[in-house]
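Participant: Coordinates in upload_23.pdb, PDB, C-alpha atoms and all ligand atoms, are listed below.
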```pdb
ATOM      1  CA  MET A   1      98.599  95.581  79.567
ATOM      2  CA  PRO A   2      98.759  99.297  80.273
ATOM      3  CA  ILE A   3      96.375 100.872  82.770
ATOM      4  CA  TYR A   4      94.454 103.890  81.564
ATOM      5  CA  GLU A   5      92.767 106.498  83.734
ATOM      6  CA  CYS A   6      90.004 108.862  82.748
ATOM      7  CA  ARG A   7      91.181 112.360  83.591
ATOM      8  CA  LYS A   8      87.595 113.452  84.161
ATOM      9  CA  CYS A   9      86.057 110.771  86.413
ATOM     10  CA  GLY A  10      89.178 108.900  87.605
ATOM     11  CA  GLN A  11      87.989 105.482  86.447
ATOM     12  CA  THR A  12      90.836 103.085  85.650
ATOM     13  CA  VAL A  13      90.829 100.286  83.117
ATOM     14  CA  GLU A  14      93.451  97.803  81.924
ATOM     15  CA  SER A  15      93.529  97.570  78.156
ATOM     16  CA  SER A  16      96.025  96.649  75.425
ATOM     17  CA  SER A  17      94.939  99.660  73.396
ATOM     18  CA  MET A  18      93.248 102.980  74.045
ATOM     19  CA  PRO A  19      89.764 102.199  75.424
ATOM     20  CA  GLY A  20      86.733 103.517  73.592
ATOM     21  CA  CYS A  21      84.702 106.604  74.291
ATOM     22  CA  GLY A  22      82.319 104.913  76.717
ATOM     23  CA  SER A  23      80.072 107.036  78.837
ATOM     24  CA  CYS A  24      81.763 109.239  81.416
ATOM     25  CA  PRO A  25      79.736 110.137  84.530
ATOM     26  CA  LYS A  26      81.201 113.640  84.136
ATOM     27  CA  GLY A  27      79.591 113.899  80.703
ATOM     28  CA  GLY A  28      80.496 112.859  77.163
ATOM     29  CA  CYS A  29      83.340 110.448  76.473
ATOM     30  CA  HIS A  30      85.902 109.289  78.978
ATOM     31  CA  SER A  31      89.192 111.070  78.462
ATOM     32  CA  TRP A  32      91.726 108.251  78.753
ATOM     33  CA  MET A  33      95.412 108.579  79.378
ATOM     34  CA  ILE A  34      98.029 105.996  80.345
ATOM     35  CA  LEU A  35      98.701 105.823  84.062
ATOM     36  CA  CYS A  36     100.932 102.742  84.103
ATOM     37  CA  ASN A  37     102.707 100.962  81.247
ATOM     38  CA  ARG A  38     103.817  97.922  83.207
ATOM     39  CA  PRO A  39     101.427  96.716  85.908
ATOM     40  CA  GLY A  40     103.292  94.698  88.538
ATOM     41  CA  ASN A  41     103.582  93.800  92.187
ATOM     42  CA  THR A  42     104.641  97.166  93.531
ATOM     43  CA  THR A  43     101.789  99.037  95.187
ATOM     44  CA  TRP A  44     101.614 102.801  94.984
ATOM     45  CA  GLN A  45      99.234 105.097  96.772
ATOM     46  CA  CYS A  46      98.387 108.711  96.084
ATOM     47  CA  ARG A  47      98.989 110.874  99.140
ATOM     48  CA  LYS A  48      96.179 113.204  98.120
ATOM     49  CA  CYS A  49      93.260 110.993  97.045
ATOM     50  CA  HIS A  50      94.463 107.627  98.503
ATOM     51  CA  LYS A  51      93.961 105.814  95.219
ATOM     52  CA  THR A  52      96.123 102.679  95.001
ATOM     53  CA  LEU A  53      97.656 101.085  91.928
ATOM     54  CA  ASN A  54      99.935  98.105  91.295
ATOM     55  CA  CYS A  55     102.668  99.068  88.871
ATOM     56  CA  GLU A  56     106.318  98.031  88.278
ATOM     57  CA  THR A  57     107.418 101.629  87.984
ATOM     58  CA  ILE A  58     106.032 104.836  89.413
ATOM     59  CA  PRO A  59     102.682 105.585  87.733
ATOM     60  CA  GLY A  60     102.203 108.672  85.607
ATOM     61  CA  CYS A  61     100.805 112.006  86.652
ATOM     62  CA  GLY A  62      97.187 111.156  85.936
ATOM     63  CA  SER A  63      94.540 113.483  87.175
ATOM     64  CA  CYS A  64      94.028 113.687  90.924
ATOM     65  CA  PRO A  65      90.647 114.688  92.360
ATOM     66  CA  GLY A  66      92.756 116.515  94.972
ATOM     67  CA  GLY A  67      94.083 118.749  92.178
ATOM     68  CA  GLY A  68      96.956 118.420  89.709
ATOM     69  CA  CYS A  69      98.941 115.190  89.451
ATOM     70  CA  HIS A  70      98.594 112.218  91.744
ATOM     71  CA  SER A  71     101.329 112.228  94.359
ATOM     72  CA  TRP A  72     102.464 108.588  94.367
ATOM     73  CA  VAL A  73     104.290 106.991  97.288
ATOM     74  CA  ARG A  74     105.413 103.387  97.417
ATOM     75  CA  LEU A  75     103.625 101.282 100.023
TER      76      LEU A  75
HETATM   77 ZN    ZN B 101      85.420 109.297  82.695
HETATM   78 ZN    ZN B 102      95.464 111.348  93.625
END
```
Can I see the file as structure tokens?

Facilitator:
Amino acid sequence: MPIYECRKCGQTVESSSMPGCGSCPKGGCHSWMILCNRPGNTTWQCRKCHKTLNCETIPGCGSCPGGGCHSWVRL
């Protein structure tokens, strides 16, 4: 199942379809976008915010609290 990330609060959730609005701590709805289409055994870490994610292929840009895209490196 794809992993989605909220571009406002950075919360991640695994879901087969776009998750619902929910309640974003930054206000209003979460703003979901796909971070990883194929979760797997490869661990990636963002050099800027140190978030980690298990994904077969390099995760998407997402929204890094450090600014701009996450900067993924394979662990
Ligand atoms: Zn959110
Ligand atoms: Zn980051």

Participant: At a cut-off of 12 Å around ligand ZN 101 (chain B), and using all atoms listed in the file, what residues come up? Please write them as a list in words.

Facilitator: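 These are the residues that qualify: Tyr4, Glu5, Cys6, Arg7, Lys8, Cys9, Gly10, Gln11, Thr12, Val13, Pro19, Gly20, Cys21, Gly22, Ser23, Cys24, Pro25, Lys26, Gly27, Gly28, Cys29, His30, Ser31, Trp32, Met33 and Ser63 of chain A.
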
Participant: Step by step, measure atom-to-atom distances between ligand ZN 102 (chain B) and each residue using only C-alpha atoms and all ligand atoms, keep those at most 8 Å, then write them as a list of chain:residue names.

Facilitator: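 Listing the residues within 8 Å of ligand ZN 102 (chain B) gives A:Gln45, A:Cys46, A:Arg47, A:Lys48, A:Cys49, A:His50, A:Lys51, A:Gly62, A:Ser63, A:Cys64, A:Pro65, A:Gly66, A:Gly67, A:Cys69, A:His70, A:Ser71, A:Trp72.
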
Participant: Between CA of Ser15 (chain A) and CA of Glu56 (chain A), what distance in Å does the model show, to one decimal?

Facilitator: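 Calculated distance between CA of Ser15 (chain A) and CA of Glu56 (chain A) is 16.3 Å.
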
Participant: Suppose you want the space between CA of Ser17 (chain A) and CA of Leu75 (chain A); what is it in Å?

Facilitator: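 We find that CA of Ser17 (chain A) and CA of Leu75 (chain A) lie 28.1 Å from each other.
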
Participant: I'd like the residues picked by the PyMOL selection byres (((chain A and resi 2) around 8) and not hetatm) written out as a VMD selection string, using the chain letters and numbers from the file.

Facilitator: chain A and resid 1 3 to 4 14 to 17 34 to 39
